[in-house]
file start_15.pdb (PDB, C-alpha atoms, pLDDT in the B column)
ATOM      1  CA  MET T  13     115.615  -1.812  -7.451  1.00 52.00           C
ATOM      2  CA  SER T  14     117.968  -0.890 -10.287  1.00 55.00           C
ATOM      3  CA  SER T  15     117.981   2.529 -11.870  1.00 56.00           C
ATOM      4  CA  GLU T  16     116.687   0.939 -15.060  1.00 59.00           C
ATOM      5  CA  SER T  17     113.764  -0.605 -13.286  1.00 75.00           C
ATOM      6  CA  LEU T  18     113.003   2.715 -11.593  1.00 69.00           C
ATOM      7  CA  GLN T  19     113.106   4.449 -14.925  1.00 71.00           C
ATOM      8  CA  GLU T  20     110.674   1.940 -16.362  1.00 72.00           C
ATOM      9  CA  VAL T  21     108.277   2.517 -13.474  1.00 65.00           C
ATOM     10  CA  ILE T  22     108.509   6.262 -13.975  1.00 67.00           C
ATOM     11  CA  GLU T  23     107.936   5.886 -17.702  1.00 70.00           C
ATOM     12  CA  LYS T  24     104.996   3.599 -17.065  1.00 69.00           C
ATOM     13  CA  LEU T  25     103.440   5.996 -14.535  1.00 66.00           C
ATOM     14  CA  LYS T  26     104.094   8.861 -16.882  1.00 67.00           C
ATOM     15  CA  SER T  27     102.514   6.972 -19.762  1.00 70.00           C
ATOM     16  CA  GLU T  28      99.509   6.019 -17.680  1.00 68.00           C
ATOM     17  CA  GLY T  29      99.109   9.601 -16.510  1.00 69.00           C
ATOM     18  CA  ILE T  30      99.285  10.918 -20.036  1.00 73.00           C
ATOM     19  CA  ASP T  31      96.797   8.356 -21.253  1.00 70.00           C
ATOM     20  CA  ALA T  32      94.458   9.202 -18.381  1.00 72.00           C
ATOM     21  CA  ALA T  33      94.824  12.888 -19.106  1.00 72.00           C
ATOM     22  CA  LYS T  34      94.121  12.310 -22.775  1.00 75.00           C
ATOM     23  CA  ALA T  35      91.097  10.195 -21.940  1.00 76.00           C
ATOM     24  CA  GLU T  36      89.780  12.877 -19.582  1.00 74.00           C
ATOM     25  CA  ALA T  37      90.456  15.548 -22.149  1.00 75.00           C
ATOM     26  CA  ALA T  38      88.602  13.525 -24.757  1.00 76.00           C
ATOM     27  CA  ARG T  39      85.678  13.007 -22.364  1.00 79.00           C
ATOM     28  CA  ILE T  40      85.557  16.746 -21.568  1.00 80.00           C
ATOM     29  CA  ARG T  41      85.710  17.610 -25.260  1.00 80.00           C
ATOM     30  CA  GLU T  42      82.921  15.167 -26.113  1.00 78.00           C
ATOM     31  CA  LYS T  43      80.781  16.521 -23.309  1.00 79.00           C
ATOM     32  CA  ALA T  44      81.464  20.094 -24.398  1.00 77.00           C
ATOM     33  CA  GLU T  45      80.562  19.230 -27.970  1.00 77.00           C
ATOM     34  CA  ALA T  46      77.368  17.483 -26.830  1.00 77.00           C
ATOM     35  CA  ASP T  47      76.462  20.423 -24.592  1.00 75.00           C
ATOM     36  CA  ALA T  48      77.171  22.842 -27.414  1.00 76.00           C
ATOM     37  CA  GLU T  49      74.964  20.855 -29.762  1.00 79.00           C
ATOM     38  CA  THR T  50      72.190  20.784 -27.160  1.00 82.00           C
ATOM     39  CA  ILE T  51      72.505  24.537 -26.612  1.00 82.00           C
ATOM     40  CA  GLU T  52      72.435  25.130 -30.369  1.00 79.00           C
ATOM     41  CA  ILE T  53      69.328  22.968 -30.782  1.00 83.00           C
ATOM     42  CA  GLU T  54      67.594  24.749 -27.899  1.00 80.00           C
ATOM     43  CA  ALA T  55      68.639  28.134 -29.262  1.00 80.00           C
ATOM     44  CA  ARG T  56      67.291  27.253 -32.709  1.00 82.00           C
ATOM     45  CA  ALA T  57      64.023  26.004 -31.195  1.00 81.00           C
ATOM     46  CA  LYS T  58      63.726  29.162 -29.101  1.00 84.00           C
ATOM     47  CA  ALA T  59      64.482  31.356 -32.091  1.00 80.00           C
ATOM     48  CA  LYS T  60      61.917  29.483 -34.193  1.00 83.00           C
ATOM     49  CA  ASN T  61      59.358  29.864 -31.420  1.00 85.00           C
ATOM     50  CA  ILE T  62      60.049  33.604 -31.249  1.00 85.00           C
ATOM     51  CA  VAL T  63      59.675  33.906 -35.018  1.00 82.00           C
ATOM     52  CA  ASN T  64      56.413  31.912 -34.948  1.00 84.00           C
ATOM     53  CA  GLN T  65      55.035  34.103 -32.166  1.00 86.00           C
ATOM     54  CA  ALA T  66      56.046  37.246 -34.037  1.00 82.00           C
ATOM     55  CA  GLU T  67      54.400  35.973 -37.220  1.00 83.00           C
ATOM     56  CA  ALA T  68      51.238  35.054 -35.284  1.00 85.00           C
ATOM     57  CA  GLU T  69      51.107  38.500 -33.662  1.00 86.00           C
ATOM     58  CA  ALA T  70      51.690  40.157 -37.028  1.00 82.00           C
ATOM     59  CA  LYS T  71      48.881  38.087 -38.593  1.00 85.00           C
ATOM     60  CA  LYS T  72      46.560  38.921 -35.699  1.00 86.00           C
ATOM     61  CA  LEU T  73      47.365  42.624 -36.014  1.00 83.00           C
ATOM     62  CA  GLN T  74      46.849  42.476 -39.776  1.00 84.00           C
ATOM     63  CA  ASP T  75      43.464  40.777 -39.335  1.00 84.00           C
ATOM     64  CA  GLN T  76      42.396  43.347 -36.727  1.00 86.00           C
ATOM     65  CA  LEU T  77      43.518  46.167 -39.008  1.00 81.00           C
ATOM     66  CA  GLN T  78      41.559  44.654 -41.895  1.00 84.00           C
ATOM     67  CA  VAL T  79      38.423  44.403 -39.736  1.00 83.00           C
ATOM     68  CA  GLU T  80      38.826  48.002 -38.565  1.00 84.00           C
ATOM     69  CA  MET T  81      39.346  49.222 -42.130  1.00 80.00           C
ATOM     70  CA  GLU T  82      36.239  47.386 -43.333  1.00 81.00           C
ATOM     71  CA  ARG T  83      34.223  48.754 -40.410  1.00 82.00           C
ATOM     72  CA  ALA T  84      35.490  52.270 -41.105  1.00 78.00           C
ATOM     73  CA  ALA T  85      34.616  51.883 -44.791  1.00 73.00           C
ATOM     74  CA  ARG T  86      31.070  50.736 -43.940  1.00 76.00           C
ATOM     75  CA  THR T  87      30.655  53.608 -41.486  1.00 75.00           C
ATOM     76  CA  ALA T  88      31.930  56.121 -44.028  1.00 71.00           C
ATOM     77  CA  LEU T  89      29.637  54.718 -46.730  1.00 68.00           C
ATOM     78  CA  SER T  90      26.648  54.778 -44.381  1.00 71.00           C
ATOM     79  CA  ALA T  91      27.440  58.372 -43.398  1.00 69.00           C
ATOM     80  CA  PHE T  92      27.724  59.298 -47.077  1.00 69.00           C
ATOM     81  CA  LYS T  93      24.388  57.689 -47.893  1.00 68.00           C
ATOM     82  CA  SER T  94      22.751  59.445 -44.940  1.00 69.00           C
ATOM     83  CA  SER T  95      24.156  62.798 -45.990  1.00 70.00           C
ATOM     84  CA  VAL T  96      22.961  62.268 -49.576  1.00 67.00           C
ATOM     85  CA  GLU T  97      19.505  61.268 -48.328  1.00 67.00           C
ATOM     86  CA  LYS T  98      19.405  64.282 -46.034  1.00 67.00           C
ATOM     87  CA  ALA T  99      20.401  66.578 -48.879  1.00 66.00           C
ATOM     88  CA  LEU T 100      18.060  65.109 -51.509  1.00 64.00           C
ATOM     89  CA  VAL T 101      15.230  63.167 -49.854  1.00 69.00           C
ATOM     90  CA  VAL T 102      14.409  65.259 -46.780  1.00 71.00           C
ATOM     91  CA  PRO T 103      13.900  68.572 -48.644  1.00 76.00           C
ATOM     92  CA  VAL T 104      11.558  66.875 -51.106  1.00 74.00           C
ATOM     93  CA  VAL T 105       9.562  65.280 -48.290  1.00 74.00           C
ATOM     94  CA  ASP T 106       9.471  68.543 -46.332  1.00 77.00           C
ATOM     95  CA  GLU T 107       8.240  70.485 -49.341  1.00 80.00           C
ATOM     96  CA  ALA T 108       5.479  67.972 -50.071  1.00 76.00           C
ATOM     97  CA  LEU T 109       4.382  67.880 -46.411  1.00 77.00           C
ATOM     98  CA  ALA T 110       4.427  71.665 -46.131  1.00 78.00           C
ATOM     99  CA  GLN T 111       2.167  71.991 -49.173  1.00 79.00           C
ATOM    100  CA  LEU T 112      -0.239  69.404 -47.823  1.00 77.00           C
ATOM    101  CA  LEU T 113      -0.309  70.353 -44.135  1.00 79.00           C
ATOM    102  CA  SER T 114      -0.360  74.108 -44.595  1.00 79.00           C
ATOM    103  CA  ASN T 115      -3.603  73.830 -46.567  1.00 82.00           C
ATOM    104  CA  PRO T 116      -6.512  74.365 -44.097  1.00 83.00           C
ATOM    105  CA  ALA T 117      -8.887  72.225 -46.159  1.00 84.00           C
ATOM    106  CA  HIS T 118      -6.462  69.283 -46.277  1.00 84.00           C
ATOM    107  CA  LEU T 119      -5.644  69.664 -42.596  1.00 84.00           C
ATOM    108  CA  GLU T 120      -9.330  69.737 -41.652  1.00 85.00           C
ATOM    109  CA  LYS T 121      -9.947  66.598 -43.699  1.00 86.00           C
ATOM    110  CA  MET T 122      -7.044  64.763 -42.047  1.00 86.00           C
ATOM    111  CA  VAL T 123      -8.192  65.689 -38.539  1.00 86.00           C
ATOM    112  CA  ALA T 124     -11.744  64.668 -39.381  1.00 86.00           C
ATOM    113  CA  GLU T 125     -10.646  61.268 -40.662  1.00 86.00           C
ATOM    114  CA  MET T 126      -8.604  60.652 -37.524  1.00 85.00           C
ATOM    115  CA  ILE T 127     -11.545  61.582 -35.269  1.00 83.00           C
ATOM    116  CA  LYS T 128     -13.818  59.263 -37.256  1.00 83.00           C
ATOM    117  CA  GLY T 129     -11.268  56.511 -36.820  1.00 83.00           C
ATOM    118  CA  PHE T 130     -11.192  56.979 -33.052  1.00 81.00           C
ATOM    119  CA  ALA T 131     -15.006  57.107 -32.860  1.00 75.00           C
ATOM    120  CA  ALA T 132     -15.401  53.933 -34.933  1.00 77.00           C
ATOM    121  CA  ASN T 133     -13.116  51.892 -32.683  1.00 73.00           C
ATOM    122  CA  GLN T 134     -12.590  51.428 -28.958  1.00 67.00           C
ATOM    123  CA  PHE T 135     -12.543  55.189 -28.341  1.00 68.00           C
ATOM    124  CA  LYS T 136     -16.224  55.705 -29.064  1.00 66.00           C
ATOM    125  CA  ASN T 137     -17.652  58.336 -26.678  1.00 66.00           C
ATOM    126  CA  ALA T 138     -14.093  59.212 -25.620  1.00 71.00           C
ATOM    127  CA  ASN T 139     -12.803  62.744 -25.321  1.00 82.00           C
ATOM    128  CA  LEU T 140     -10.011  63.639 -27.704  1.00 86.00           C
ATOM    129  CA  ASP T 141      -7.234  66.214 -27.578  1.00 88.00           C
ATOM    130  CA  VAL T 142      -6.249  67.858 -30.850  1.00 88.00           C
ATOM    131  CA  ILE T 143      -3.166  70.095 -31.006  1.00 89.00           C
ATOM    132  CA  LEU T 144      -2.764  72.345 -34.045  1.00 89.00           C
ATOM    133  CA  PRO T 145      -0.256  74.971 -35.242  1.00 88.00           C
ATOM    134  CA  GLU T 146      -0.863  78.333 -33.636  1.00 89.00           C
ATOM    135  CA  SER T 147      -0.223  79.941 -37.017  1.00 85.00           C
ATOM    136  CA  MET T 148      -3.455  78.365 -38.329  1.00 84.00           C
ATOM    137  CA  GLN T 149      -5.740  79.360 -35.474  1.00 83.00           C
ATOM    138  CA  GLU T 150      -7.349  82.231 -37.361  1.00 82.00           C
ATOM    139  CA  GLN T 151      -7.671  80.211 -40.584  1.00 81.00           C
ATOM    140  CA  LEU T 152      -9.452  77.294 -38.903  1.00 80.00           C
ATOM    141  CA  GLY T 153     -11.595  79.303 -36.479  1.00 74.00           C
ATOM    142  CA  THR T 154     -14.470  78.180 -34.253  1.00 77.00           C
ATOM    143  CA  ALA T 155     -16.331  76.559 -37.145  1.00 79.00           C
ATOM    144  CA  PHE T 156     -13.585  73.948 -37.433  1.00 80.00           C
ATOM    145  CA  ILE T 157     -13.864  73.085 -33.734  1.00 77.00           C
ATOM    146  CA  ALA T 158     -17.647  72.736 -34.008  1.00 80.00           C
ATOM    147  CA  LYS T 159     -17.298  70.388 -36.997  1.00 79.00           C
ATOM    148  CA  MET T 160     -14.801  68.205 -35.182  1.00 81.00           C
ATOM    149  CA  LYS T 161     -17.057  67.854 -32.123  1.00 77.00           C
ATOM    150  CA  LEU T 162     -19.845  66.533 -34.316  1.00 76.00           C
ATOM    151  CA  LEU T 163     -17.624  63.629 -35.412  1.00 75.00           C
ATOM    152  CA  THR T 164     -16.791  62.178 -31.994  1.00 69.00           C
ATOM    153  CA  ALA T 165     -19.900  59.995 -31.657  1.00 60.00           C
ATOM    154  CA  GLY T 166     -20.768  61.238 -28.196  1.00 62.00           C
ATOM    155  CA  GLY T 167     -17.330  62.253 -27.031  1.00 66.00           C
ATOM    156  CA  GLY T 168     -15.755  65.664 -26.813  1.00 78.00           C
ATOM    157  CA  VAL T 169     -12.898  67.401 -28.558  1.00 81.00           C
ATOM    158  CA  THR T 170     -10.474  69.788 -26.919  1.00 84.00           C
ATOM    159  CA  VAL T 171      -8.577  71.815 -29.503  1.00 85.00           C
ATOM    160  CA  GLN T 172      -5.315  73.508 -28.557  1.00 87.00           C
ATOM    161  CA  PHE T 173      -2.886  75.581 -30.578  1.00 88.00           C
ATOM    162  CA  ASP T 174       0.879  75.244 -30.148  1.00 88.00           C
ATOM    163  CA  ASP T 175       3.484  77.607 -31.596  1.00 88.00           C
ATOM    164  CA  HIS T 176       6.054  74.765 -31.612  1.00 87.00           C
ATOM    165  CA  ILE T 177       4.156  72.991 -34.393  1.00 87.00           C
ATOM    166  CA  ARG T 178       4.839  74.337 -37.886  1.00 84.00           C
ATOM    167  CA  TYR T 179       2.504  72.084 -39.872  1.00 84.00           C
ATOM    168  CA  GLY T 180       0.141  69.211 -39.178  1.00 85.00           C
ATOM    169  CA  PHE T 181      -1.377  68.211 -35.854  1.00 88.00           C
ATOM    170  CA  LYS T 182      -1.260  65.838 -32.893  1.00 89.00           C
ATOM    171  CA  ILE T 183      -4.248  63.868 -31.677  1.00 88.00           C
ATOM    172  CA  GLY T 184      -4.920  61.416 -28.877  1.00 86.00           C
ATOM    173  CA  PRO T 185      -7.446  60.352 -26.224  1.00 85.00           C
ATOM    174  CA  SER T 186      -7.622  62.754 -23.281  1.00 83.00           C
ATOM    175  CA  GLY T 187      -5.768  61.654 -20.167  1.00 77.00           C
ATOM    176  CA  GLN T 188      -4.099  58.659 -21.819  1.00 79.00           C
ATOM    177  CA  GLY T 189      -0.652  60.225 -21.912  1.00 76.00           C
ATOM    178  CA  TYR T 190       0.061  59.670 -25.597  1.00 79.00           C
ATOM    179  CA  VAL T 191      -0.761  61.276 -28.930  1.00 82.00           C
ATOM    180  CA  TYR T 192      -0.383  60.417 -32.591  1.00 84.00           C
ATOM    181  CA  ASP T 193       2.199  62.761 -34.080  1.00 85.00           C
ATOM    182  CA  LEU T 194       1.027  63.834 -37.525  1.00 82.00           C
ATOM    183  CA  THR T 195       3.080  67.017 -37.575  1.00 83.00           C
ATOM    184  CA  ASP T 196       5.655  67.749 -40.250  1.00 79.00           C
ATOM    185  CA  GLU T 197       8.407  66.314 -38.034  1.00 79.00           C
ATOM    186  CA  GLY T 198       6.544  63.122 -37.186  1.00 77.00           C
ATOM    187  CA  LEU T 199       5.430  62.510 -40.762  1.00 78.00           C
ATOM    188  CA  ARG T 200       8.859  63.380 -42.142  1.00 74.00           C
ATOM    189  CA  GLU T 201      10.466  60.583 -40.134  1.00 74.00           C
ATOM    190  CA  MET T 202       7.870  58.103 -41.359  1.00 72.00           C
ATOM    191  CA  PHE T 203       8.045  59.145 -45.028  1.00 72.00           C
ATOM    192  CA  VAL T 204      11.859  59.342 -45.108  1.00 72.00           C
ATOM    193  CA  LYS T 205      12.051  55.780 -43.767  1.00 70.00           C
ATOM    194  CA  PHE T 206       9.589  54.712 -46.453  1.00 69.00           C
ATOM    195  CA  VAL T 207      11.298  56.592 -49.283  1.00 67.00           C
ATOM    196  CA  SER T 208      14.934  55.883 -48.316  1.00 62.00           C
ATOM    197  CA  PRO T 209      15.053  52.189 -49.381  1.00 67.00           C
ATOM    198  CA  LYS T 210      13.609  53.029 -52.796  1.00 62.00           C
ATOM    199  CA  PHE T 211      15.954  56.000 -53.089  1.00 63.00           C
ATOM    200  CA  ARG T 212      18.942  53.834 -52.231  1.00 61.00           C
ATOM    201  CA  SER T 213      17.941  51.154 -54.733  1.00 64.00           C
ATOM    202  CA  LEU T 214      17.989  53.789 -57.466  1.00 58.00           C
ATOM    203  CA  PHE T 215      20.812  56.089 -56.393  1.00 58.00           C
ATOM    204  CA  PHE T 216      23.120  53.339 -55.107  1.00 59.00           C
ATOM    205  CA  ALA T 217      22.273  50.830 -57.819  1.00 56.00           C
ATOM    206  CA  THR T 218      25.575  48.944 -57.410  1.00 53.00           C
ATOM    207  CA  GLU T 219      24.997  48.228 -53.720  1.00 49.00           C
ATOM    208  CA  PRO T 220      24.945  44.456 -53.106  1.00 48.00           C
ATOM    209  CA  ASN T 221      21.878  42.919 -51.551  1.00 47.00           C
ATOM    210  CA  LYS T 222      22.179  42.295 -47.807  1.00 45.00           C
TER     211      LYS T 222
END

call {"tool": "encode", "arguments": {"input": "start_15.pdb", "output": "structure tokens"}}
result
Amino acid sequence: MSSESLQEVIEKLKSEGIDAAKAEAARIREKAEADAETIEIEARAKAKNIVNQAEAEAKKLQDQLQVEMERAARTALSAFKSSVEKALVVPVVDEALAQLLSNPAHLEKMVAEMIKGFAANQFKNANLDVILPESMQEQLGTAFIAKMKLLTAGGGVTVQFDDHIRYGFKIGPSGQGYVYDLTDEGLREMFVKFVSPKFRSLFFATEPNK
């Protein structure tokens, strides 16, 4: 083989090697660019997902905060209404009950009506327990007890005096384990519940209907 032919072979091999290297380099570059694009797309998708999750969590937190604020506002308003009722309604009810229940004549009439009610219904001939304020024992006296016994339609009346009762009385069938609480405390609860809705409709006139 001549030196010229050898040189041609070398040049050919060199050319083929360079072309192969260029082709490989181009393939590597294309793959790198494709991988980079894939990574970028995945990164963008991941970032968008993170942002969406953050926005969803922020919205959820905002909604929870709004609910808590509304609940706190309702609780505060309810507490305010209760305090106003306690300051304005309860004293008025207490004063009216004290005037009524501290009057021996009114108290005697109330007890008598209750005994008549028991005697006229299923408690005819039943024994009744009546509990009165100890502070009124001298004012009512034995005559009161005698009058009450006459109203039982065959039953009996046991009258007791309790220093824990300020005004009013308790009454119930003997041995039944329950009494009707017509003391100032029992009646106050009943009257305040009755008066409060009307009071609210006047005092809190802007309150929306529920």

call {"tool": "resolve_selection", "arguments": {"input": "start_15.pdb", "expression": "the PyMOL selection byres ((chain T and resi 179) around 9)", "output": "short mmCIF file (atom, residue, chain, number, x, y, z; two decimals) with C-alpha atoms, in the coordinates of the input"}}
result
data_model
loop_
_atom_site.label_atom_id
_atom_site.label_comp_id
_atom_site.auth_asym_id
_atom_site.auth_seq_id
_atom_site.Cartn_x
_atom_site.Cartn_y
_atom_site.Cartn_z
CA LEU T 109 4.38 67.88 -46.41
CA ALA T 110 4.43 71.67 -46.13
CA LEU T 112 -0.24 69.40 -47.82
CA LEU T 113 -0.31 70.35 -44.14
CA SER T 114 -0.36 74.11 -44.60
CA LEU T 119 -5.64 69.66 -42.60
CA LEU T 144 -2.76 72.34 -34.04
CA PRO T 145 -0.26 74.97 -35.24
CA SER T 147 -0.22 79.94 -37.02
CA MET T 148 -3.46 78.36 -38.33
CA ILE T 177 4.16 72.99 -34.39
CA ARG T 178 4.84 74.34 -37.89
CA GLY T 180 0.14 69.21 -39.18
CA PHE T 181 -1.38 68.21 -35.85
CA LEU T 194 1.03 63.83 -37.52
CA THR T 195 3.08 67.02 -37.58
CA ASP T 196 5.66 67.75 -40.25
CA GLU T 197 8.41 66.31 -38.03
#

call {"tool": "atom_distance", "arguments": {"input": "start_15.pdb", "atom1": "atom CA of Ser186 of chain T", "atom2": "atom CA of Gly168 of chain T"}}
result
9.3 Å

call {"tool": "atom_distance", "arguments": {"input": "start_15.pdb", "atom1": "atom CA of Leu152 of chain T", "atom2": "atom CA of Lys121 of chain T"}}
result
11.7 Å

call {"tool": "atom_distance", "arguments": {"input": "start_15.pdb", "atom1": "atom CA of Ile157 of chain T", "atom2": "atom CA of His176 of chain T"}}
result
20.1 Å

call {"tool": "resolve_selection", "arguments": {"input": "start_15.pdb", "expression": "the PyMOL selection byres ((chain T and resi 158) around 12)", "output": "ChimeraX atom specification"}}
result
/T:120,124,152-157,159-164,168-171

call {"tool": "resolve_selection", "arguments": {"input": "start_15.pdb", "expression": "the PyMOL selection byres ((chain T and resi 105) around 10)", "output": "MDAnalysis selection string"}}
result
chainID T and resid 100:104 106:110 196 199:201 203:204 207

call {"tool": "closest_residue", "arguments": {"input": "start_15.pdb", "among": "T:Glu54, T:Ala48, T:Ala131, T:Met126", "to": "Asp193 of chain T", "atoms": "all atoms listed in the file"}}
result
T:Met126
